[in-house]
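Quick look at input.txt (compact mmCIF, C-alpha atoms):
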# COMPACT_ATOMS: atom_id res chain seq x y z
CA MET N 900 -117.26 89.85 160.60
CA LYS N 901 -113.77 89.41 159.15
CA LYS N 902 -110.99 89.28 161.71
CA TYR N 903 -107.42 90.53 161.51
CA GLU N 904 -104.64 90.15 164.04
CA TYR N 905 -101.73 92.48 164.66
CA ASP N 906 -99.30 93.23 167.45
CA VAL N 907 -99.98 96.96 167.24
CA LEU N 908 -102.89 98.92 165.79
CA VAL N 909 -102.19 102.61 165.24
CA ILE N 910 -105.29 104.74 164.71
CA GLY N 911 -104.66 107.84 162.63
CA ALA N 912 -101.90 108.37 160.05
CA GLY N 913 -100.87 111.92 160.92
CA PRO N 914 -97.31 112.63 162.07
CA GLY N 915 -97.77 111.02 165.52
CA GLY N 916 -99.38 107.86 164.18
CA SER N 917 -96.90 107.34 161.37
CA MET N 918 -93.95 107.78 163.72
CA ALA N 919 -95.46 105.34 166.22
CA ALA N 920 -96.05 102.78 163.46
CA ARG N 921 -92.55 103.29 162.10
CA PHE N 922 -90.76 102.67 165.39
CA ALA N 923 -93.02 99.83 166.49
CA ALA N 924 -92.39 98.12 163.13
CA ARG N 925 -88.65 98.66 163.52
CA HIS N 926 -88.85 96.69 166.75
CA GLY N 927 -90.06 93.73 164.72
CA LEU N 928 -93.74 94.07 165.58
CA LYS N 929 -96.59 93.38 163.17
CA VAL N 930 -98.11 96.82 162.81
CA LEU N 931 -101.28 98.14 161.14
CA LEU N 932 -101.72 101.87 160.60
CA ILE N 933 -105.27 102.96 159.74
CA GLU N 934 -106.49 106.28 158.37
CA LYS N 935 -110.11 107.23 157.86
CA ARG N 936 -109.43 109.63 155.02
CA PRO N 937 -108.81 108.62 151.40
CA GLU N 938 -105.45 110.38 151.28
CA ILE N 939 -102.66 110.86 153.84
CA GLY N 940 -102.06 114.51 154.69
CA VAL N 941 -105.28 115.75 153.11
CA PRO N 942 -107.20 117.81 154.03
CA VAL N 943 -104.54 119.86 155.80
CA ARG N 944 -105.48 120.84 159.35
CA CYS N 945 -102.57 123.03 160.17
CA ALA N 946 -100.64 126.29 159.80
CA GLU N 947 -97.53 124.28 158.82
CA GLY N 948 -94.90 126.27 160.74
CA ILE N 949 -92.18 124.17 162.33
CA SER N 950 -88.60 124.27 163.65
CA GLU N 951 -85.80 122.02 162.57
CA ALA N 952 -83.80 121.22 165.72
CA TRP N 953 -85.86 118.22 166.89
CA MET N 954 -85.94 116.38 163.57
CA LYS N 955 -82.61 114.61 163.87
CA LYS N 956 -83.64 112.98 167.13
CA VAL N 957 -86.60 111.33 165.48
CA GLU N 958 -84.68 110.48 162.31
CA ILE N 959 -86.39 112.82 159.90
CA ASP N 960 -84.18 114.28 157.16
CA PRO N 961 -85.41 117.67 155.95
CA SER N 962 -86.26 117.52 152.27
CA ASP N 963 -87.22 120.19 149.77
CA ARG N 964 -90.06 117.96 148.70
CA TRP N 965 -92.00 118.87 151.84
CA ILE N 966 -90.47 122.21 152.80
CA ASP N 967 -92.20 125.13 151.13
CA THR N 968 -90.20 128.00 152.60
CA ARG N 969 -87.30 128.54 155.00
CA MET N 970 -87.64 131.28 157.60
CA GLU N 971 -85.14 133.74 159.04
CA GLY N 972 -87.26 134.39 162.07
CA ALA N 973 -90.58 135.50 163.48
CA LYS N 974 -92.15 138.90 163.98
CA ILE N 975 -94.70 139.55 166.67
CA TYR N 976 -96.91 142.61 166.27
CA SER N 977 -98.56 144.61 169.05
CA PRO N 978 -102.32 145.20 168.78
CA ASP N 979 -101.75 148.71 167.35
CA GLU N 980 -99.00 147.23 165.13
CA ARG N 981 -96.63 150.04 166.12
CA SER N 982 -94.29 147.71 167.97
CA VAL N 983 -92.74 144.65 166.41
CA ILE N 984 -90.66 142.11 168.26
CA GLU N 985 -88.32 140.23 166.00
CA LEU N 986 -87.12 136.79 167.00
CA SER N 987 -84.42 134.85 165.26
CA ALA N 988 -85.19 131.23 164.43
CA GLU N 989 -83.27 130.05 167.52
CA GLN N 990 -85.11 132.40 169.88
CA ALA N 991 -88.55 131.68 168.53
CA GLY N 992 -88.55 128.01 169.43
CA ASN N 993 -91.11 125.77 167.87
CA GLU N 994 -92.88 127.77 165.25
CA VAL N 995 -90.24 129.06 162.89
CA GLY N 996 -87.62 127.26 160.93
CA PHE N 997 -89.61 126.34 157.92
CA VAL N 998 -93.09 126.23 156.59
CA LEU N 999 -94.05 122.71 155.64
CA ASN N 1000 -96.11 121.27 152.90
CA ARG N 1001 -98.15 118.96 155.10
CA GLU N 1002 -99.65 117.10 152.17
CA TYR N 1003 -96.18 115.78 151.29
CA PHE N 1004 -94.76 115.75 154.82
CA ASP N 1005 -97.45 113.43 156.15
CA LYS N 1006 -97.07 111.09 153.18
CA TYR N 1007 -93.31 111.03 153.69
CA LEU N 1008 -93.75 110.02 157.34
CA ALA N 1009 -96.27 107.32 156.44
CA SER N 1010 -93.87 105.97 153.83
CA LEU N 1011 -91.16 105.72 156.50
CA ALA N 1012 -93.52 103.53 158.54
CA ILE N 1013 -94.31 101.37 155.53
CA LYS N 1014 -90.61 100.96 154.70
CA GLU N 1015 -90.09 99.57 158.22
CA GLY N 1016 -92.76 96.97 157.48
CA ALA N 1017 -95.98 98.53 158.77
CA ASP N 1018 -99.20 97.78 156.91
CA ILE N 1019 -101.58 100.64 156.11
CA TRP N 1020 -105.30 100.94 155.30
CA LEU N 1021 -106.88 104.11 153.98
CA LYS N 1022 -110.57 104.98 154.15
CA SER N 1023 -110.71 102.90 157.30
CA PRO N 1024 -112.13 104.68 160.35
CA ALA N 1025 -112.14 103.04 163.76
CA VAL N 1026 -115.80 103.04 164.80
CA ASP N 1027 -115.40 101.43 168.22
CA ILE N 1028 -112.78 99.82 170.39
CA ILE N 1029 -112.62 96.27 171.65
CA LYS N 1030 -112.18 96.12 175.41
CA GLU N 1031 -112.00 92.84 177.34
CA ASP N 1032 -110.97 92.09 180.94
CA GLY N 1033 -109.99 95.71 181.47
CA TYR N 1034 -107.69 95.75 178.43
CA VAL N 1035 -108.07 97.50 175.09
CA LYS N 1036 -107.62 94.67 172.60
CA GLY N 1037 -108.21 96.26 169.22
CA ALA N 1038 -110.90 98.12 167.33
CA ILE N 1039 -113.85 97.69 165.06
CA VAL N 1040 -112.78 99.24 161.78
CA ARG N 1041 -114.81 100.07 158.71
CA LYS N 1042 -112.29 98.93 156.13
CA PHE N 1043 -113.22 100.51 152.84
CA GLY N 1044 -116.90 100.19 153.71
CA GLU N 1045 -116.76 96.78 155.40
CA ARG N 1046 -116.94 96.36 159.17
CA VAL N 1047 -114.04 94.23 160.36
CA GLU N 1048 -112.52 93.30 163.68
CA VAL N 1049 -108.89 94.22 164.20
CA ARG N 1050 -107.37 92.50 167.22
CA ALA N 1051 -104.14 93.95 168.54
CA LYS N 1052 -102.09 93.54 171.70
CA ILE N 1053 -101.52 97.28 171.77
CA VAL N 1054 -103.57 100.17 170.38
CA ILE N 1055 -101.84 103.51 169.83
CA ALA N 1056 -104.42 106.28 169.55
CA ALA N 1057 -103.21 109.03 167.23
CA ASP N 1058 -106.59 110.36 166.22
CA GLY N 1059 -105.73 113.99 166.72
CA PHE N 1060 -107.71 116.77 168.36
CA GLU N 1061 -110.88 114.68 168.25
CA SER N 1062 -109.21 112.27 170.69
CA GLN N 1063 -112.16 109.95 170.43
CA VAL N 1064 -110.40 106.62 170.83
CA ALA N 1065 -108.98 107.74 174.19
CA ARG N 1066 -112.44 108.64 175.45
CA TRP N 1067 -113.93 105.36 174.25
CA ALA N 1068 -111.19 103.66 176.26
CA GLY N 1069 -112.10 105.66 179.35
CA LEU N 1070 -109.11 108.03 179.38
CA ASN N 1071 -110.09 111.57 180.25
CA THR N 1072 -108.97 113.95 177.52
CA VAL N 1073 -112.01 116.24 177.87
CA LEU N 1074 -111.04 119.89 177.48
CA ARG N 1075 -112.21 122.94 179.35
CA GLU N 1076 -113.69 125.75 177.32
CA ARG N 1077 -110.67 128.03 177.92
CA ASP N 1078 -108.31 125.32 176.62
CA ILE N 1079 -109.92 124.94 173.21
CA VAL N 1080 -108.86 127.20 170.36
CA SER N 1081 -110.98 127.28 167.25
CA CYS N 1082 -109.03 127.95 164.04
CA ILE N 1083 -109.56 128.93 160.45
CA GLN N 1084 -106.94 129.63 157.83
CA TYR N 1085 -106.90 130.80 154.25
CA ARG N 1086 -104.15 130.01 151.78
CA MET N 1087 -103.94 133.38 150.10
CA THR N 1088 -102.23 134.38 146.91
CA ASN N 1089 -101.36 137.76 145.38
CA ILE N 1090 -100.62 139.28 148.79
CA ASP N 1091 -97.69 141.53 149.75
CA ILE N 1092 -95.80 140.15 152.73
CA GLU N 1093 -92.26 139.85 153.94
CA GLU N 1094 -91.51 136.34 152.83
CA ASN N 1095 -88.60 135.37 155.09
CA PHE N 1096 -90.53 135.77 158.32
CA THR N 1097 -93.50 134.25 160.01
CA HIS N 1098 -95.80 136.94 161.38
CA PHE N 1099 -97.90 136.85 164.55
CA PHE N 1100 -100.54 139.39 165.62
CA ILE N 1101 -101.86 139.43 169.17
CA GLY N 1102 -104.62 141.22 171.05
CA SER N 1103 -108.30 141.78 170.42
CA CYS N 1104 -107.89 140.79 166.76
CA ALA N 1105 -107.79 137.20 168.09
CA PRO N 1106 -108.91 136.92 171.74
CA GLY N 1107 -107.08 134.17 173.58
CA GLY N 1108 -105.14 133.28 170.44
CA TYR N 1109 -103.39 135.04 167.56
CA VAL N 1110 -103.43 135.74 163.85
CA TRP N 1111 -100.59 134.17 161.85
CA ILE N 1112 -99.14 134.74 158.42
CA PHE N 1113 -96.83 131.94 157.32
CA PRO N 1114 -95.30 132.50 153.86
CA LYS N 1115 -95.70 129.64 151.39
CA GLY N 1116 -93.67 131.13 148.55
CA GLU N 1117 -93.87 134.16 146.31
CA LYS N 1118 -96.84 136.37 147.23
CA GLU N 1119 -98.46 133.40 148.93
CA ALA N 1120 -99.07 132.56 152.59
CA ASN N 1121 -101.18 130.75 155.12
CA VAL N 1122 -103.20 133.49 156.80
CA GLY N 1123 -104.99 132.10 159.81
CA ILE N 1124 -106.46 132.73 163.20
CA GLY N 1125 -107.12 130.92 166.44
CA VAL N 1126 -109.57 132.24 169.04
CA ALA N 1127 -110.17 130.70 172.48
CA LEU N 1128 -113.58 129.09 172.79
CA ASN N 1129 -114.41 130.97 176.01
CA LYS N 1130 -114.09 134.21 174.02
CA LEU N 1131 -116.50 133.07 171.33
CA LYS N 1132 -120.16 133.83 171.81
CA SER N 1133 -121.86 133.22 168.49
CA LYS N 1134 -121.95 130.86 165.54
CA GLY N 1135 -119.14 131.10 162.98
CA GLU N 1136 -117.51 133.96 164.86
CA VAL N 1137 -113.94 132.82 164.18
CA LYS N 1138 -114.32 133.29 160.46
CA GLY N 1139 -115.66 136.78 161.11
CA TYR N 1140 -112.54 137.67 163.11
CA LEU N 1141 -110.26 136.55 160.28
CA ASP N 1142 -112.29 138.27 157.58
CA ARG N 1143 -112.21 141.53 159.53
CA PHE N 1144 -108.44 141.26 160.03
CA ILE N 1145 -107.91 140.79 156.30
CA GLU N 1146 -110.28 143.65 155.53
CA ARG N 1147 -108.20 146.01 157.72
CA HIS N 1148 -104.92 145.12 155.98
CA PRO N 1149 -104.72 146.30 152.35
CA TYR N 1150 -101.70 144.05 151.64
CA LEU N 1151 -103.90 141.05 152.44
CA LYS N 1152 -107.19 142.43 151.18
CA LYS N 1153 -105.85 142.62 147.62
CA GLY N 1154 -105.23 138.86 147.67
CA ARG N 1155 -107.57 135.96 146.97
CA ILE N 1156 -108.16 132.66 148.74
CA LEU N 1157 -106.96 129.36 147.27
CA GLN N 1158 -107.85 127.07 150.16
CA ILE N 1159 -109.84 127.13 153.40
CA VAL N 1160 -108.51 125.11 156.32
CA THR N 1161 -110.38 124.67 159.59
CA GLY N 1162 -109.71 122.87 162.84
CA ALA N 1163 -109.10 123.27 166.53
CA VAL N 1164 -106.24 122.82 168.97
CA SER N 1165 -106.00 122.20 172.67
CA THR N 1166 -104.03 124.59 174.88
CA CYS N 1167 -104.12 122.67 178.16
CA PRO N 1168 -101.51 121.22 180.51
CA VAL N 1169 -100.50 117.57 179.96
CA PRO N 1170 -103.38 115.26 181.07
CA LYS N 1171 -102.93 113.11 184.16
CA ARG N 1172 -103.13 109.82 182.31
CA ILE N 1173 -102.24 109.08 178.70
CA VAL N 1174 -101.93 105.30 178.97
CA ASP N 1175 -104.13 102.46 180.12
CA ASN N 1176 -104.11 98.70 179.72
CA GLY N 1177 -103.53 98.03 176.03
CA ILE N 1178 -103.54 101.66 174.94
CA MET N 1179 -101.18 104.64 174.60
CA LEU N 1180 -102.07 108.14 173.37
CA VAL N 1181 -99.74 110.22 171.21
CA GLY N 1182 -99.65 113.73 169.75
CA ASP N 1183 -102.78 115.89 169.70
CA ALA N 1184 -104.84 112.94 170.97
CA ALA N 1185 -102.70 113.09 174.14
CA ARG N 1186 -103.16 116.89 174.20
CA LEU N 1187 -99.43 117.45 173.70
CA ILE N 1188 -99.81 120.91 172.17
CA ASP N 1189 -97.77 123.87 173.38
CA PRO N 1190 -100.40 126.09 175.08
CA ILE N 1191 -98.72 129.32 173.92
CA THR N 1192 -97.85 128.57 170.31
CA GLY N 1193 -100.46 125.94 169.51
CA GLY N 1194 -97.69 123.95 167.83
CA GLY N 1195 -97.97 120.18 167.94
CA ILE N 1196 -96.15 118.51 165.03
CA ALA N 1197 -92.79 118.10 166.78
CA ASN N 1198 -94.45 116.84 169.95
CA ALA N 1199 -96.54 114.38 167.93
CA CYS N 1200 -93.46 112.99 166.18
CA ILE N 1201 -91.43 112.68 169.38
CA SER N 1202 -94.24 111.11 171.42
CA GLY N 1203 -95.08 108.84 168.48
CA LYS N 1204 -91.51 107.57 168.34
CA TRP N 1205 -91.49 106.89 172.07
CA ALA N 1206 -94.83 105.08 172.01
CA GLY N 1207 -93.62 102.91 169.13
CA GLU N 1208 -90.45 102.01 170.99
CA ILE N 1209 -92.23 101.29 174.27
CA ALA N 1210 -94.72 99.11 172.37
CA GLY N 1211 -91.69 97.02 171.42
CA LYS N 1212 -90.70 96.68 175.08
CA CYS N 1213 -94.19 95.94 176.39
CA ILE N 1214 -95.57 93.63 173.72
CA GLU N 1215 -95.62 90.61 176.08
CA ASN N 1216 -97.10 92.69 178.91
CA PRO N 1217 -99.19 95.52 177.44
CA SER N 1218 -100.31 96.79 180.83
CA LYS N 1219 -100.58 100.34 182.04
CA GLU N 1220 -97.75 99.55 184.45
CA CYS N 1221 -95.46 98.70 181.56
CA PHE N 1222 -96.61 101.78 179.58
CA LYS N 1223 -95.80 103.95 182.59
CA GLU N 1224 -92.33 104.44 181.11
CA TYR N 1225 -93.90 106.19 178.12
CA GLU N 1226 -96.12 108.36 180.28
CA GLU N 1227 -93.19 109.37 182.47
CA LYS N 1228 -91.03 110.26 179.49
CA VAL N 1229 -93.79 112.47 178.14
CA LYS N 1230 -94.34 114.14 181.49
CA LYS N 1231 -90.64 114.70 182.04
CA LYS N 1232 -90.38 116.47 178.70
CA TRP N 1233 -93.58 118.51 178.63
CA GLU N 1234 -95.43 118.59 181.96
CA ARG N 1235 -93.64 121.57 183.52
CA LYS N 1236 -93.19 123.46 180.28
CA HIS N 1237 -96.80 123.16 179.24
CA LEU N 1238 -98.05 124.07 182.70
CA ARG N 1239 -95.92 127.23 182.68
CA ASN N 1240 -96.96 128.12 179.14
CA TRP N 1241 -100.60 127.44 179.99
CA PHE N 1242 -100.26 129.90 182.88
CA VAL N 1243 -98.64 132.55 180.66
CA LYS N 1244 -101.35 132.00 178.06
CA GLU N 1245 -104.03 132.60 180.68
CA LYS N 1246 -102.29 135.80 181.82
CA LEU N 1247 -101.83 137.09 178.27
CA ALA N 1248 -105.43 136.36 177.38
CA ALA N 1249 -106.53 138.58 180.26
CA LEU N 1250 -104.59 141.67 179.07
CA ASP N 1251 -106.35 144.39 177.10
CA ASP N 1252 -104.91 145.94 173.93
CA ASP N 1253 -103.72 149.03 175.75
CA THR N 1254 -101.62 147.01 178.18
CA LEU N 1255 -100.26 144.79 175.43
CA ASN N 1256 -99.28 147.86 173.39
CA LYS N 1257 -97.37 149.28 176.35
CA LEU N 1258 -95.66 145.97 177.10
CA MET N 1259 -94.59 145.43 173.53
CA GLU N 1260 -93.41 148.99 173.12
CA VAL N 1261 -90.97 148.49 175.97
CA ILE N 1262 -89.84 145.09 174.75
CA SER N 1263 -89.20 146.25 171.20
CA GLU N 1264 -87.43 149.47 172.28
CA GLU N 1265 -85.22 147.83 174.86
CA ASN N 1266 -83.82 145.56 172.18
CA ILE N 1267 -83.65 142.63 174.54
CA LYS N 1268 -81.10 140.19 173.25
CA GLU N 1269 -82.22 137.13 175.04
CA ILE N 1270 -85.95 136.59 174.87
CA SER N 1271 -86.73 135.11 178.24
CA VAL N 1272 -89.65 135.77 180.52
CA ARG N 1273 -87.31 137.27 183.12
CA ALA N 1274 -85.51 139.59 180.67
CA ILE N 1275 -88.82 140.86 179.36
CA LEU N 1276 -90.28 141.46 182.81
CA GLU N 1277 -87.20 143.33 184.00
CA ALA N 1278 -87.27 145.63 181.01
CA VAL N 1279 -90.96 146.36 181.49
CA GLN N 1280 -90.53 146.92 185.21
CA LYS N 1281 -88.27 149.91 184.55
CA LYS N 1282 -90.91 151.79 182.62
CA TYR N 1283 -94.27 150.45 183.79
CA PRO N 1284 -93.81 148.94 187.27
CA GLU N 1285 -97.59 148.81 187.71
CA LEU N 1286 -97.87 146.36 184.82
CA ILE N 1287 -95.48 143.96 186.45
CA GLU N 1288 -97.56 143.43 189.56
CA GLU N 1289 -99.75 141.14 187.50
CA PHE N 1290 -96.78 139.02 186.50
CA GLU N 1291 -94.84 138.85 189.72
CA GLU N 1292 -95.61 135.18 190.12
CA LEU N 1293 -93.65 134.49 186.97
CA LEU N 1294 -90.40 136.03 188.20
CA MET J 107 -131.85 118.92 167.97
CA LEU J 108 -128.28 119.51 166.79
CA GLN J 109 -127.85 119.82 163.07
CA VAL J 110 -124.74 120.00 160.91
CA LYS J 111 -125.12 121.75 157.60
CA PRO J 112 -123.25 119.65 155.02
CA SER J 113 -123.03 122.69 152.74
CA LEU J 114 -120.81 124.46 155.30
CA CYS J 115 -119.09 121.57 157.10
CA ASN J 116 -115.40 121.12 156.34
CA TYR J 117 -115.31 117.86 158.40
CA CYS J 118 -112.35 119.09 160.44
CA GLY J 119 -113.44 117.54 163.74
CA ALA J 120 -113.28 120.77 165.77
CA CYS J 121 -116.79 120.11 167.10
CA VAL J 122 -116.01 116.48 167.95
CA GLY J 123 -112.92 117.34 170.00
CA SER J 124 -114.68 120.16 171.83
CA CYS J 125 -117.64 118.02 172.93
CA PRO J 126 -117.36 117.40 176.69
CA VAL J 127 -119.58 114.30 176.59
CA ASN J 128 -118.22 112.73 173.39
CA CYS J 129 -121.63 112.61 171.73
CA MET J 130 -120.29 113.49 168.26
CA PHE J 131 -118.49 111.22 165.83
CA LEU J 132 -116.78 112.26 162.62
CA ASP J 133 -117.62 109.45 160.23
CA GLU J 134 -115.32 110.36 157.31
CA THR J 135 -117.26 113.31 155.94
CA ILE J 136 -120.37 113.10 158.11
CA VAL J 137 -120.71 114.27 161.70
CA ARG J 138 -122.93 111.78 163.54
CA ILE J 139 -124.58 112.91 166.75
CA GLU J 140 -125.85 110.84 169.66
CA GLU J 141 -128.60 113.19 170.61
CA ASP J 142 -129.50 111.46 173.89
CA LYS J 143 -126.00 112.09 175.26
CA CYS J 144 -126.00 115.81 174.31
CA ILE J 145 -126.06 118.24 177.26
CA LYS J 146 -126.80 121.31 175.11
CA CYS J 147 -123.65 123.16 176.22
CA GLY J 148 -123.20 124.74 172.78
CA PHE J 149 -119.42 124.20 172.69
CA CYS J 150 -119.61 122.58 169.25
CA ILE J 151 -121.77 125.38 167.86
CA ARG J 152 -119.34 128.07 168.97
CA CYS J 153 -116.22 126.01 168.22
CA CYS J 154 -117.15 125.31 164.60
CA PRO J 155 -114.93 127.78 162.72
CA VAL J 156 -117.43 128.20 159.89
CA GLY J 157 -120.70 128.10 161.81
CA ALA J 158 -121.94 124.85 160.29
CA ILE J 159 -123.72 123.66 163.44
CA ASP J 160 -127.08 124.83 164.72
CA ALA J 161 -129.73 123.63 167.14
CA ASP J 162 -133.35 124.53 167.82
CA TRP J 163 -132.43 125.19 171.46
CA TRP J 164 -129.52 127.49 170.58
CA SER J 165 -129.85 131.24 170.98
CA GLU J 166 -127.06 133.79 170.82
Re-express the file's structure as structure tokens.
Amino acid sequence: MKKYEYDVLVIGAGPGGSMAARFAARHGLKVLLIEKRPEIGVPVRCAEGISEAWMKKVEIDPSDRWIDTRMEGAKIYSPDERSVIELSAEQAGNEVGFVLNREYFDKYLASLAIKEGADIWLKSPAVDIIKEDGYVKGAIVRKFGERVEVRAKIVIAADGFESQVARWAGLNTVLRERDIVSCIQYRMTNIDIEENFTHFFIGSCAPGGYVWIFPKGEKEANVGIGVALNKLKSKGEVKGYLDRFIERHPYLKKGRILQIVTGAVSTCPVPKRIVDNGIMLVGDAARLIDPITGGGIANACISGKWAGEIAGKCIENPSKECFKEYEEKVKKKWERKHLRNWFVKEKLAALDDDTLNKLMEVISEENIKEISVRAILEAVQKKYPELIEEFEELL
Amino acid sequence: MLQVKPSLCNYCGACVGSCPVNCMFLDETIVRIEEDKCIKCGFCIRCCPVGAIDADWWSE
């Protein structure tokens, strides 16, 4: 078997992996980024909605080449669609700002890594890891059909929702049924939608998740759905939910599908451990998805940058003790937030349509300026005090 | 036995990530299954967005 040696091996060339490779390479390390697919960014696995605020911090300059549409805000629809909550881009947090073209975005990020000196192999899946003396020391890679050994002082696992490398290494990223959301999305054309807003539909149309419409240009949008696995009973049920939603909405029904995207996201709190000797996890592989929105691109880029930088610091001592700094940074940023959002997600998933309709009626009528959990609860308490009992813990 | 229908599979990895015992492996465009590790929980079957996975032990 052919052997290669690098300082850092990054597995997976999505946003998290490319950012990790980029910043590790900037620190002067010899970096290899591997991707199992024949093209970066394809097939898309994502709804492509994203905010802008975080990009500066990770040195990404927004470019029209990979931005399809810019959003004014988000609209959230009650199950009966009689109440609509409108959020400006600032209020809505992660998921509005613009709608990306992931095919170009991912290539742009990979090119940033390459410009810093990282090497890249396509069509090269990791098929196993190399572990010696309690340390991850590389991976067996099928490089364009040929099994080779890649030795590295540090492995950064950026293999997405599958999170397989982590589990080979013995890190527990196993998800509970309630924390898995199965997704399907159609790129639709010839539909009539408001093009400056992202649209979210909650309730029994998507149990434990939501339906989204993210505009991609004139009369075109990503129309998708996520449903929590514990709400799914039969085979292929998610597609059925989306098809029924489209059927019920004439402005979508008149359209046709240009692309089918599938995938899954985790909606769990941050795992206990995301590092071990010789290995760090980033992005979806580290389960760094916001449990409410399902958004993960920003978190992948930020965690990728940090892992790349810490790889630079720990290259002579790639131990879990040295990587602790990375783990602590991640926990400081997301542990509390994701735990709270996980809790809210669980509460929301338990509400029936009737209750959601009432809640959203109050919220939309009260014209709450600041969208905070407290402001919402106080407004609801005035009209439906009995509904608030359920949420008292959140006050 | 678990079976993945290639005619439906979109090789997105949803099944792989949902597997609690890591018995599935997405090998580029083929889902490989280590049958002896499988605990027949059915997560992958229900998680597959397009219903590409089936098993002789599965009943709805």
- Item | Spatial neighbours of range 151-165 of chain J, max dist 8 Å, only C-alpha atoms, sep filter under 5 positions, as an MDAnalysis selection string | (chainID N and resid 1080:1083 1128 1131:1138 1161:1163) or (chainID J and resid 107:115 120:121 124 146)
Can you tell me, as JSON, the centre and edge lengths (Å, one decimal) of the axis-aligned box enclosing all of range 141-156 of chain J's listed atoms after padding each side by 3 Å?
{"center_x": -122.2, "center_y": 119.8, "center_z": 168.6, "size_x": 20.6, "size_y": 22.7, "size_z": 23.4}
- Task: Write down, as a PyMOL selection string, each residue of chain N that has any atom within 10 Å of an atom of chain J, counting all atoms listed in the file.
- Result: chain N and resi 934-937+942-944+1022-1026+1041+1059-1063+1066-1067+1071-1076+1078-1084+1124-1139+1159-1165+1184
Would you mind exporting C-alpha atoms of the selected residues as a tab-separated table (two decimals), in the frame of the given file?
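Result file follows (part_37.tsv):
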chain	number	residue	atom	x	y	z
N	934	GLU	CA	-106.49	106.28	158.37
N	935	LYS	CA	-110.11	107.23	157.86
N	936	ARG	CA	-109.43	109.63	155.02
N	937	PRO	CA	-108.81	108.62	151.40
N	942	PRO	CA	-107.20	117.81	154.03
N	943	VAL	CA	-104.54	119.86	155.80
N	944	ARG	CA	-105.48	120.84	159.35
N	1022	LYS	CA	-110.57	104.98	154.15
N	1023	SER	CA	-110.71	102.90	157.30
N	1024	PRO	CA	-112.13	104.68	160.35
N	1025	ALA	CA	-112.14	103.04	163.76
N	1026	VAL	CA	-115.80	103.04	164.80
N	1041	ARG	CA	-114.81	100.07	158.71
N	1059	GLY	CA	-105.73	113.99	166.72
N	1060	PHE	CA	-107.71	116.77	168.36
N	1061	GLU	CA	-110.88	114.68	168.25
N	1062	SER	CA	-109.21	112.27	170.69
N	1063	GLN	CA	-112.16	109.95	170.43
N	1066	ARG	CA	-112.44	108.64	175.45
N	1067	TRP	CA	-113.93	105.36	174.25
N	1071	ASN	CA	-110.09	111.57	180.25
N	1072	THR	CA	-108.97	113.95	177.52
N	1073	VAL	CA	-112.01	116.24	177.87
N	1074	LEU	CA	-111.04	119.89	177.48
N	1075	ARG	CA	-112.21	122.94	179.35
N	1076	GLU	CA	-113.69	125.75	177.32
N	1078	ASP	CA	-108.31	125.32	176.62
N	1079	ILE	CA	-109.92	124.94	173.21
N	1080	VAL	CA	-108.86	127.20	170.36
N	1081	SER	CA	-110.98	127.28	167.25
N	1082	CYS	CA	-109.03	127.95	164.04
N	1083	ILE	CA	-109.56	128.93	160.45
N	1084	GLN	CA	-106.94	129.63	157.83
N	1124	ILE	CA	-106.46	132.73	163.20
N	1125	GLY	CA	-107.12	130.92	166.44
N	1126	VAL	CA	-109.57	132.24	169.04
N	1127	ALA	CA	-110.17	130.70	172.48
N	1128	LEU	CA	-113.58	129.09	172.79
N	1129	ASN	CA	-114.41	130.97	176.01
N	1130	LYS	CA	-114.09	134.21	174.02
N	1131	LEU	CA	-116.50	133.07	171.33
N	1132	LYS	CA	-120.16	133.83	171.81
N	1133	SER	CA	-121.86	133.22	168.49
N	1134	LYS	CA	-121.95	130.86	165.54
N	1135	GLY	CA	-119.14	131.10	162.98
N	1136	GLU	CA	-117.51	133.96	164.86
N	1137	VAL	CA	-113.94	132.82	164.18
N	1138	LYS	CA	-114.32	133.29	160.46
N	1139	GLY	CA	-115.66	136.78	161.11
N	1159	ILE	CA	-109.84	127.13	153.40
N	1160	VAL	CA	-108.51	125.11	156.32
N	1161	THR	CA	-110.38	124.67	159.59
N	1162	GLY	CA	-109.71	122.87	162.84
N	1163	ALA	CA	-109.10	123.27	166.53
N	1164	VAL	CA	-106.24	122.82	168.97
N	1165	SER	CA	-106.00	122.20	172.67
N	1184	ALA	CA	-104.84	112.94	170.97
- Message: Need the shell around Arg969 in chain N: protein/DNA/RNA residues with any atom at most 7 Å away, counting all atoms listed in the file. Skip same-chain ones fewer than 5 positions apart. Format as a PyMOL selection string?
- Response: chain N and resi 996-998+1095
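Of note, CA of Lys902 in chain N and CA of Gly1044 in chain N are spaced 14.8 Å apart.
Non-sequential neighbours of Val1054 in chain N (distance at most 8 Å, separation of 2 or more positions within a chain, only C-alpha atoms) are N:Val907, N:Leu908, N:Val909, N:Ile910, N:Val1035, N:Lys1036, N:Gly1037, N:Ala1051, N:Lys1052, N:Ala1056, N:Gly1177, N:Ile1178, N:Met1179.
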- Using all atoms listed in the file, which residues sit within 12 Å of Tyr976 in chain N once same-chain residues fewer than 2 positions away are excluded, as an MDAnalysis selection string? chainID N and resid 973:974 978:986 1097:1102 1104 1109:1112 1252 1255:1256 1258:1260 1262:1263
- Task: Quick one: pull the distance between CA of Ala1017 in chain N and CA of Ala912 in chain N, Å, one decimal.
- Result: 11.6 Å
- Can you work out the spacing between CA of Lys1118 in chain N and CA of Ile1090 in chain N in Å, to one decimal?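 These atoms are spaced 5.0 Å apart.
Shortest atom-to-atom contact with Ala924 in chain N among N:Tyr1003, N:Lys1246, N:Glu1015, N:Lys956: N:Glu1015, counting only C-alpha atoms.
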